[in-house]
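Structure file input20.cif (mmCIF, C-alpha atoms and all ligand atoms) follows.
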```cif
data_final
loop_
_atom_site.label_atom_id
_atom_site.label_comp_id
_atom_site.auth_asym_id
_atom_site.auth_seq_id
_atom_site.Cartn_x
_atom_site.Cartn_y
_atom_site.Cartn_z
CA MET A 7 193.59 92.94 -72.42
CA LYS A 8 193.73 94.96 -75.62
CA CYS A 9 191.58 94.69 -78.72
CA ARG A 10 193.35 92.71 -81.41
CA VAL A 11 191.97 95.00 -84.12
CA CYS A 12 192.33 98.53 -82.78
CA GLY A 13 194.59 98.17 -79.75
CA GLN A 14 192.18 99.95 -77.38
CA ASP A 15 190.86 98.30 -74.20
CA ALA A 16 189.15 94.99 -74.99
CA HIS A 17 185.63 94.35 -73.67
CA ILE A 18 185.36 90.66 -74.37
CA SER A 19 187.87 87.85 -74.60
CA LEU A 20 187.09 85.03 -77.00
CA ARG A 21 189.25 82.16 -75.98
CA SER A 22 188.02 79.77 -78.67
CA TYR A 23 189.37 82.27 -81.22
CA ASN A 24 192.37 83.09 -79.07
CA THR A 25 191.55 86.77 -79.21
CA ALA A 26 190.06 89.76 -77.39
CA LEU A 27 188.05 92.59 -78.90
CA CYS A 28 186.55 95.95 -78.03
CA SER A 29 182.76 96.33 -78.30
CA GLN A 30 182.80 97.87 -81.79
CA ASP A 31 185.13 95.30 -83.26
CA PHE A 32 183.32 92.45 -81.55
CA ILE A 33 180.04 93.50 -83.21
CA SER A 34 181.69 93.49 -86.65
CA PHE A 35 183.42 90.18 -85.88
CA LEU A 36 180.16 88.47 -84.91
CA GLU A 37 178.10 89.93 -87.74
CA LYS A 38 180.75 88.80 -90.20
CA ARG A 39 180.61 85.29 -88.77
CA VAL A 40 176.83 85.19 -89.25
CA PHE A 41 177.17 86.53 -92.78
CA ASP A 42 179.88 83.98 -93.64
CA THR A 43 177.76 81.18 -92.16
CA ILE A 44 174.79 82.21 -94.31
CA GLN A 45 176.98 82.33 -97.42
CA LYS A 46 178.99 79.17 -96.80
CA TYR A 47 175.99 76.98 -96.06
CA ASN A 48 173.61 78.73 -98.48
CA LEU A 49 171.17 79.47 -95.68
CA ILE A 50 169.44 82.42 -97.34
CA GLY A 51 169.58 83.23 -101.05
CA ASN A 52 168.92 86.49 -102.87
CA ASN A 53 165.49 85.37 -104.02
CA ASP A 54 164.36 84.09 -100.64
CA THR A 55 161.76 85.71 -98.43
CA PRO A 56 162.89 85.01 -94.87
CA ILE A 57 160.97 85.29 -91.61
CA VAL A 58 162.35 84.97 -88.08
CA ALA A 59 160.65 82.97 -85.32
CA VAL A 60 160.96 85.37 -82.39
CA SER A 61 160.45 84.62 -78.70
CA GLY A 62 161.61 87.85 -77.09
CA GLY A 63 164.86 86.19 -75.96
CA LYS A 64 168.38 87.35 -76.85
CA ASP A 65 169.02 84.91 -79.66
CA SER A 66 165.92 85.38 -81.76
CA LEU A 67 165.84 89.16 -81.35
CA SER A 68 169.56 89.38 -82.15
CA VAL A 69 169.35 87.23 -85.27
CA TRP A 70 166.43 89.37 -86.44
CA HIS A 71 168.49 92.49 -85.83
CA ILE A 72 171.61 91.07 -87.54
CA LEU A 73 169.77 89.84 -90.62
CA ASN A 74 168.17 93.19 -91.23
CA LYS A 75 171.50 94.90 -90.64
CA LEU A 76 173.11 92.58 -93.19
CA GLY A 77 170.44 93.51 -95.72
CA TYR A 78 168.21 90.44 -95.46
CA LYS A 79 164.79 91.98 -95.08
CA ALA A 80 163.16 89.62 -92.60
CA ASP A 81 159.79 89.90 -90.86
CA GLY A 82 158.95 88.10 -87.61
CA VAL A 83 156.50 85.58 -86.21
CA TYR A 84 155.68 85.07 -82.53
CA VAL A 85 153.58 82.39 -80.86
CA ASP A 86 151.93 83.97 -77.84
CA LEU A 87 151.47 81.19 -75.28
CA GLY A 88 149.29 83.38 -73.10
CA ILE A 89 151.33 82.78 -69.96
CA GLY A 90 150.55 85.97 -68.03
CA GLU A 91 153.29 88.49 -67.49
CA TYR A 92 155.95 86.40 -69.20
CA SER A 93 154.13 86.45 -72.53
CA GLN A 94 153.14 90.10 -72.24
CA GLU A 95 156.68 91.15 -71.57
CA SER A 96 158.00 89.02 -74.43
CA LEU A 97 155.51 90.64 -76.80
CA ALA A 98 156.50 94.11 -75.63
CA LYS A 99 160.18 93.41 -76.36
CA ILE A 100 159.32 92.06 -79.80
CA LYS A 101 157.24 95.13 -80.59
CA LYS A 102 160.09 97.36 -79.57
CA THR A 103 162.56 95.48 -81.77
CA ALA A 104 160.12 95.43 -84.71
CA GLU A 105 159.69 99.17 -84.40
CA GLY A 106 163.44 99.72 -84.44
CA LEU A 107 163.84 97.49 -87.47
CA GLN A 108 160.74 98.84 -89.19
CA ARG A 109 159.56 95.30 -89.87
CA LYS A 110 156.19 93.72 -89.35
CA PHE A 111 155.49 90.57 -87.39
CA PHE A 112 152.72 88.03 -86.96
CA VAL A 113 151.33 86.83 -83.67
CA PHE A 114 149.60 83.51 -83.08
CA PRO A 115 147.63 84.09 -79.86
CA ILE A 116 147.08 80.66 -78.33
CA ARG A 117 144.84 81.81 -75.49
CA LYS A 118 142.55 83.74 -77.81
CA ILE A 119 142.22 80.82 -80.19
CA PHE A 120 141.80 77.98 -77.71
CA GLU A 121 140.36 80.04 -74.88
CA LYS A 122 142.75 78.06 -72.70
CA GLY A 123 146.37 78.32 -71.64
CA ILE A 124 149.05 76.00 -72.95
CA ASP A 125 149.07 73.99 -69.70
CA GLU A 126 145.38 73.14 -70.05
CA ILE A 127 145.74 72.35 -73.74
CA ALA A 128 148.64 70.03 -72.89
CA LYS A 129 146.46 68.23 -70.35
CA VAL A 130 143.81 67.58 -72.99
CA MET A 131 146.51 66.30 -75.34
CA ARG A 132 148.04 64.21 -72.55
CA ARG A 133 151.41 65.72 -73.25
CA VAL A 134 153.79 67.81 -71.16
CA PRO A 135 153.43 71.56 -71.86
CA CYS A 136 156.75 71.74 -73.79
CA SER A 137 155.71 69.02 -76.15
CA ALA A 138 152.26 70.52 -76.77
CA CYS A 139 153.81 73.94 -77.16
CA GLY A 140 156.43 72.63 -79.60
CA MET A 141 153.82 71.01 -81.78
CA ILE A 142 151.58 74.10 -81.87
CA LYS A 143 154.54 76.43 -82.45
CA ARG A 144 155.92 74.40 -85.35
CA TYR A 145 152.51 74.25 -86.94
CA ALA A 146 151.51 77.89 -86.42
CA ILE A 147 154.84 79.27 -87.59
CA ASN A 148 154.78 77.09 -90.66
CA LYS A 149 151.26 78.25 -91.42
CA VAL A 150 152.35 81.87 -91.35
CA CYS A 151 155.12 80.99 -93.81
CA MET A 152 152.83 79.10 -96.16
CA ASP A 153 149.99 81.64 -96.08
CA ASN A 154 152.24 84.64 -96.62
CA GLY A 155 154.91 83.39 -98.98
CA TYR A 156 157.89 83.16 -96.62
CA ASN A 157 160.01 80.29 -97.89
CA VAL A 158 162.80 80.38 -95.28
CA LEU A 159 162.19 80.19 -91.57
CA ILE A 160 165.02 81.51 -89.40
CA THR A 161 165.44 80.40 -85.80
CA GLY A 162 167.81 81.77 -83.15
CA HIS A 163 169.38 78.45 -82.09
CA ASN A 164 172.95 79.11 -81.04
CA LEU A 165 176.04 76.94 -80.71
CA ASP A 166 175.23 75.97 -77.12
CA ASP A 167 171.66 74.95 -77.99
CA GLU A 168 172.90 72.78 -80.82
CA ALA A 169 175.78 71.26 -78.87
CA ALA A 170 173.51 70.45 -75.90
CA ALA A 171 170.90 68.81 -78.13
CA LEU A 172 173.58 66.83 -79.93
CA LEU A 173 175.09 65.64 -76.66
CA GLY A 174 171.66 64.53 -75.45
CA ASN A 175 170.95 62.67 -78.67
CA LEU A 176 174.32 60.96 -78.56
CA LEU A 177 174.15 59.95 -74.92
CA TYR A 178 170.89 58.13 -75.47
CA TRP A 179 171.58 57.21 -79.11
CA LYS A 180 168.36 58.77 -80.26
CA GLU A 181 168.92 57.78 -83.85
CA GLU A 182 165.61 59.17 -85.00
CA TYR A 183 166.82 62.68 -84.10
CA LEU A 184 170.58 62.29 -84.23
CA TRP A 185 171.01 62.77 -87.97
CA LYS A 186 168.33 65.40 -88.30
CA LYS A 187 169.87 68.21 -86.29
CA SER A 188 171.41 69.93 -89.25
CA PRO A 189 171.39 73.75 -89.11
CA PHE A 190 169.59 73.72 -92.43
CA LEU A 191 166.58 71.55 -93.13
CA ASP A 192 164.91 71.40 -96.51
CA GLY A 193 161.28 72.27 -96.90
CA HIS A 194 158.55 70.72 -99.02
CA GLU A 195 157.27 73.07 -101.68
CA GLY A 196 153.82 74.29 -100.71
CA HIS A 197 153.76 72.33 -97.44
CA LEU A 198 156.75 73.12 -95.27
CA SER A 199 159.23 76.01 -95.25
CA ARG A 200 162.98 75.51 -95.21
CA LYS A 201 164.45 75.95 -91.72
CA VAL A 202 167.83 77.50 -91.03
CA LYS A 203 169.87 78.50 -87.98
CA PRO A 204 172.33 81.28 -88.83
CA LEU A 205 173.67 81.46 -85.23
CA PHE A 206 174.74 77.83 -84.97
CA LEU A 207 178.42 78.81 -84.78
CA CYS A 208 177.83 81.63 -82.28
CA SER A 209 178.01 80.76 -78.60
CA GLU A 210 175.41 81.75 -76.07
CA ARG A 211 177.95 83.99 -74.35
CA GLU A 212 178.71 85.77 -77.61
CA MET A 213 175.01 86.27 -78.32
CA ALA A 214 174.36 87.71 -74.87
CA ALA A 215 177.29 90.08 -75.33
CA TYR A 216 176.01 91.03 -78.78
CA ALA A 217 172.54 91.82 -77.44
CA LEU A 218 173.92 93.82 -74.51
CA ILE A 219 176.30 95.89 -76.61
CA SER A 220 173.73 96.48 -79.36
CA GLY A 221 171.15 97.62 -76.83
CA ILE A 222 168.70 94.86 -77.77
CA ASP A 223 166.15 94.77 -75.01
CA TYR A 224 165.43 91.07 -74.47
CA ILE A 225 163.56 89.04 -71.89
CA HIS A 226 165.88 87.41 -69.37
CA ASP A 227 163.21 85.23 -67.79
CA GLU A 228 162.53 81.75 -69.01
CA CYS A 229 159.21 80.37 -70.04
CA PRO A 230 157.91 78.93 -66.75
CA PHE A 231 157.13 75.65 -68.50
CA SER A 232 160.16 75.33 -70.72
CA ILE A 233 162.92 75.21 -68.15
CA ASN A 234 164.49 72.09 -69.48
CA ALA A 235 166.65 70.71 -66.70
CA LYS A 236 168.41 68.23 -68.94
CA SER A 237 169.35 70.76 -71.55
CA LEU A 238 170.74 73.03 -68.83
CA THR A 239 172.79 70.17 -67.43
CA TYR A 240 174.28 69.44 -70.85
CA LYS A 241 175.05 73.10 -71.37
CA ASN A 242 176.86 73.23 -68.04
CA ILE A 243 178.86 70.11 -68.83
CA LEU A 244 179.87 71.54 -72.18
CA ASN A 245 180.80 74.87 -70.61
CA ASN A 246 182.98 73.09 -68.05
CA LEU A 247 184.79 71.43 -70.94
CA GLU A 248 184.99 74.76 -72.73
CA GLU A 249 186.53 76.37 -69.66
CA THR A 250 189.49 73.99 -69.71
CA SER A 251 189.61 73.43 -73.50
CA PRO A 252 188.37 76.51 -75.36
CA GLY A 253 186.84 75.69 -78.75
CA THR A 254 185.38 72.32 -77.72
CA LYS A 255 181.78 73.24 -78.55
CA LEU A 256 182.75 74.57 -81.99
CA GLN A 257 184.70 71.42 -82.77
CA PHE A 258 181.84 69.24 -81.58
CA ILE A 259 179.34 70.92 -83.93
CA LYS A 260 181.72 71.29 -86.87
CA GLY A 261 182.65 67.61 -86.57
CA TYR A 262 178.98 66.69 -86.54
CA LEU A 263 178.40 68.66 -89.75
CA LYS A 264 181.27 66.85 -91.44
CA THR A 265 179.89 63.53 -90.28
CA ILE A 266 176.33 64.02 -91.48
CA LYS A 267 177.57 65.11 -94.90
CA GLY A 268 178.29 61.50 -95.76
CA ILE A 269 175.13 60.10 -94.27
CA GLU A 270 172.19 59.74 -96.57
CA GLU A 271 169.02 60.35 -94.61
CA LYS A 272 166.72 57.36 -94.72
CA LYS A 273 163.93 58.68 -96.86
CA ARG A 274 160.58 57.88 -95.43
CA ASP A 275 157.68 58.51 -97.74
CA ILE A 276 156.24 61.79 -96.69
CA SER A 277 152.51 62.29 -96.81
CA TYR A 278 150.43 65.32 -96.04
CA CYS A 279 147.49 66.01 -93.76
CA THR A 280 144.30 65.49 -95.71
CA THR A 281 142.71 68.51 -94.03
CA CYS A 282 145.44 71.15 -94.08
CA GLY A 283 148.39 69.84 -96.11
CA TYR A 284 150.92 69.86 -93.27
CA PRO A 285 153.44 67.02 -93.48
CA CYS A 286 152.37 64.09 -91.32
CA TYR A 287 152.46 60.33 -91.35
CA GLY A 288 148.96 59.27 -92.20
CA GLY A 289 145.54 60.92 -92.26
CA THR A 290 145.05 64.02 -90.18
CA CYS A 291 147.87 65.94 -88.48
CA SER A 292 148.05 66.46 -84.70
CA MET A 293 147.11 70.13 -84.99
CA CYS A 294 143.97 69.44 -87.03
CA ARG A 295 142.99 66.76 -84.50
CA LEU A 296 143.57 69.21 -81.67
CA LEU A 297 141.51 71.94 -83.34
CA HIS A 298 138.75 69.42 -83.95
CA ARG A 299 138.80 68.46 -80.29
CA PHE A 300 138.37 72.08 -79.27
CA HIS A 301 135.68 72.59 -81.91
CA ILE A 302 137.74 75.29 -83.54
CA LYS A 303 137.15 75.72 -87.21
CA ASP A 304 137.63 79.19 -88.48
CA ARG A 305 139.09 81.12 -85.60
CA ILE A 306 142.62 79.98 -86.29
CA GLY A 307 144.24 83.17 -87.41
CA PHE A 308 147.07 85.54 -86.81
CA GLU A 309 147.34 89.07 -85.64
CA GLU A 310 149.50 91.13 -87.88
CA TRP A 311 151.45 94.04 -86.49
CA GLY A 312 152.62 96.50 -89.09
CA SER A 313 156.08 98.00 -89.03
CA ASN A 314 154.31 101.17 -87.97
CA LEU A 315 153.08 99.57 -84.79
CA ASP A 316 150.35 101.97 -83.79
CA ILE A 317 148.33 100.87 -86.79
CA THR A 318 146.00 97.99 -87.31
CA GLN A 319 145.96 94.69 -85.66
CA LYS A 320 144.10 92.62 -88.11
CA MET A 321 142.73 89.13 -87.79
CA MET A 322 143.15 86.84 -90.71
CA THR A 323 141.77 83.41 -91.31
CA MET B 5 181.80 97.78 -54.74
CA LYS B 6 178.20 96.78 -55.38
CA ILE B 7 177.56 93.48 -57.10
CA GLU B 8 174.30 92.48 -58.70
CA LEU B 9 173.53 88.84 -59.46
CA ASP B 10 170.15 87.19 -60.14
CA GLY B 11 168.23 89.99 -58.47
CA HIS B 12 170.40 90.09 -55.33
CA THR B 13 172.89 92.76 -54.38
CA TYR B 14 176.19 92.04 -52.63
CA GLU B 15 178.75 94.40 -51.21
CA ILE B 16 182.47 93.67 -51.43
CA GLU B 17 185.14 95.91 -49.93
CA LYS B 18 188.28 94.42 -51.41
CA SER B 19 189.48 95.46 -54.83
CA MET B 20 190.18 92.50 -57.11
CA GLU B 21 190.30 91.24 -60.67
CA VAL B 22 187.11 90.12 -62.41
CA SER B 23 188.38 86.54 -62.74
CA ARG B 24 188.85 86.41 -58.96
CA LEU B 25 185.35 87.75 -58.37
CA LEU B 26 183.86 85.06 -60.64
CA LYS B 27 185.74 82.43 -58.65
CA GLN B 28 184.40 83.81 -55.38
CA PHE B 29 180.89 83.41 -56.68
CA SER B 30 181.75 80.00 -58.20
CA LEU B 31 180.77 81.23 -61.64
CA SER B 32 182.34 80.27 -64.96
CA ARG B 33 183.43 82.92 -67.44
CA GLU B 34 181.67 80.81 -70.06
CA THR B 35 178.29 81.27 -68.42
CA HIS B 36 178.50 84.83 -67.04
CA LEU B 37 179.30 88.21 -68.50
CA VAL B 38 180.56 90.98 -66.29
CA ILE B 39 179.30 94.53 -66.72
CA VAL B 40 181.08 97.28 -64.83
CA ASN B 41 179.51 100.74 -64.79
CA ASP B 42 177.36 99.73 -67.77
CA ARG B 43 180.28 98.43 -69.84
CA LEU B 44 181.34 94.90 -70.61
CA VAL B 45 184.81 94.08 -69.24
CA THR B 46 187.32 91.27 -69.70
CA GLU B 47 188.45 88.92 -66.91
CA ASP B 48 191.66 90.83 -66.21
CA TYR B 49 189.83 94.08 -65.42
CA ARG B 50 190.70 95.33 -61.94
CA LEU B 51 187.58 96.26 -59.99
CA GLY B 52 187.74 99.44 -57.94
CA ARG B 53 185.88 100.35 -54.76
CA ASP B 54 183.25 102.51 -56.44
CA ASP B 55 182.49 100.18 -59.32
CA ARG B 56 178.94 99.03 -59.96
CA VAL B 57 179.15 95.42 -61.09
CA LYS B 58 176.50 93.29 -62.76
CA LEU B 59 176.96 89.58 -63.32
CA ILE B 60 174.78 88.43 -66.20
CA ARG B 61 173.90 84.80 -66.70
CA VAL B 62 173.99 83.95 -70.41
CA VAL B 63 172.72 80.37 -70.36
CA SER B 64 169.07 79.81 -71.05
CA GLY B 65 167.16 76.58 -70.74
CA GLY B 66 164.87 75.06 -73.32
ZN ZN A 401 188.82 97.41 -81.25
ZN ZN A 402 146.31 69.22 -90.59
#
```

Structure rendered as structure tokens:
Amino acid sequence: MKCRVCGQDAHISLRSYNTALCSQDFISFLEKRVFDTIQKYNLIGNNDTPIVAVSGGKDSLSVWHILNKLGYKADGVYVDLGIGEYSQESLAKIKKTAEGLQRKFFVFPIRKIFEKGIDEIAKVMRRVPCSACGMIKRYAINKVCMDNGYNVLITGHNLDDEAAALLGNLLYWKEEYLWKKSPFLDGHEGHLSRKVKPLFLCSEREMAAYALISGIDYIHDECPFSINAKSLTYKNILNNLEETSPGTKLQFIKGYLKTIKGIEEKKRDISYCTTCGYPCYGGTCSMCRLLHRFHIKDRIGFEEWGSNLDITQKMMT
Amino acid sequence: MKIELDGHTYEIEKSMEVSRLLKQFSLSRETHLVIVNDRLVTEDYRLGRDDRVKLIRVVSGG
């Protein structure tokens, strides 16, 4: 196959676009798609201060890389679950990327704060690790945004993540989530940052190719707790469909976006945690209750790694 | 040629196209990228005897 742009040998075929491209032209093609997505859906404006939630995986590190390349100066935030080698390796990859980008990033070290791993915390909360982790992550990342003036939170969710979640919500008619999977969610001034997903039209395959070609060193392993069997099954089903009908995933997500445009979200009165101000339905939020349970009052803080990474690691409260 | 997949190495004598190799391993081109001698290649690439091949899984859970 030859590259559609330059005629040299192609390195990747993109059947949903009915094309093939060489490495160089693929990078431009993908970056342009991300840029167009940001512009078309108003994901990040000129006056915004964005931050990327990074995990060390291909998607979050790539979106961080792309944004900075496109001129959106974005810092990073990482929730360190304290799961042995997996977390250490993730952190090392993030540091390396931060160094290359000359950006700083914040770390929320769960084990240091709770003096327990996520699995033990989950047991106390009587939740599965993923659910406990999700709650803590959402809270901690939002706190970094609120405390440091980042008004847009970027996540690395790709087309396959979104399509798999949508399929799951549809199959079980989870109406409470079904209409809330938009790639852009509004914030609440002073309480919750806006959330956007600039990669929602980029497939997982494209993102892996992007990371490989760009030399982004990402962690291939999965979080030992987060291997979500259902989500993997949905992804496989969708990829089987994609194999015979290229473009299916894109159509699925684009159709969803068209559909939710007309649907007015049922507005539930939002209230805020009386202790910390985080949005919650009534009284104290789950995180404040958890901290109370662990008798943690003032140790909830973040480590801040400067863009010049050999300098300070400071603890803030 | 040497083939790396999920931490295992396989040896295949016969020269073949990438698409054929994926079929032999029952892998979909949607879920795996093929790297030959450190470069990404398309499915019609013809693998030679001395090629070093890496099959990279792109799907992550979660
Ligand atoms: Zn080209
Ligand atoms: Zn609270």

Excluding range 43-59 of chain B and residues on its chain fewer than 3 positions from it, collect all residues at most 10 Å away from it, counting only C-alpha atoms, and give them as a VMD selection string. (chain A and resid 7 to 8 15 to 20 26 to 29 215 218 to 219) or (chain B and resid 5 to 11 13 to 26 29 31 33 35 to 40 62)

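Distance-wise, CA of Ile72 in chain A and CA of Lys46 in chain A end up 16.8 Å apart.
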
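Among A:Gln108, A:Asn175, A:Ser277, A:Ser251, the residue with the shortest atom-to-atom distance to ligand ZN 402 (chain A), counting only C-alpha atoms and all ligand atoms, is A:Ser277.
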
Please return as a PyMOL selection string the residues found within 12 Å of ligand ZN 402 (chain A), counting only C-alpha atoms and all ligand atoms. chain A and resi 141-142+145-146+148-149+197+277-298+303

Selected residues written out with C-alpha atoms, as a short mmCIF file (atom, residue, chain, number, x, y, z; two decimals), in the frame of the given file:
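As a result, part_38.cif now contains:
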```
data_model
loop_
_atom_site.label_atom_id
_atom_site.label_comp_id
_atom_site.auth_asym_id
_atom_site.auth_seq_id
_atom_site.Cartn_x
_atom_site.Cartn_y
_atom_site.Cartn_z
CA MET A 141 153.82 71.01 -81.78
CA ILE A 142 151.58 74.10 -81.87
CA TYR A 145 152.51 74.25 -86.94
CA ALA A 146 151.51 77.89 -86.42
CA ASN A 148 154.78 77.09 -90.66
CA LYS A 149 151.26 78.25 -91.42
CA HIS A 197 153.76 72.33 -97.44
CA SER A 277 152.51 62.29 -96.81
CA TYR A 278 150.43 65.32 -96.04
CA CYS A 279 147.49 66.01 -93.76
CA THR A 280 144.30 65.49 -95.71
CA THR A 281 142.71 68.51 -94.03
CA CYS A 282 145.44 71.15 -94.08
CA GLY A 283 148.39 69.84 -96.11
CA TYR A 284 150.92 69.86 -93.27
CA PRO A 285 153.44 67.02 -93.48
CA CYS A 286 152.37 64.09 -91.32
CA TYR A 287 152.46 60.33 -91.35
CA GLY A 288 148.96 59.27 -92.20
CA GLY A 289 145.54 60.92 -92.26
CA THR A 290 145.05 64.02 -90.18
CA CYS A 291 147.87 65.94 -88.48
CA SER A 292 148.05 66.46 -84.70
CA MET A 293 147.11 70.13 -84.99
CA CYS A 294 143.97 69.44 -87.03
CA ARG A 295 142.99 66.76 -84.50
CA LEU A 296 143.57 69.21 -81.67
CA LEU A 297 141.51 71.94 -83.34
CA HIS A 298 138.75 69.42 -83.95
CA LYS A 303 137.15 75.72 -87.21
#
```

Please, what distance in Å, to one decimal, runs between CA of Val60 in chain A and CA of Ile222 in chain A? 13.1 Å
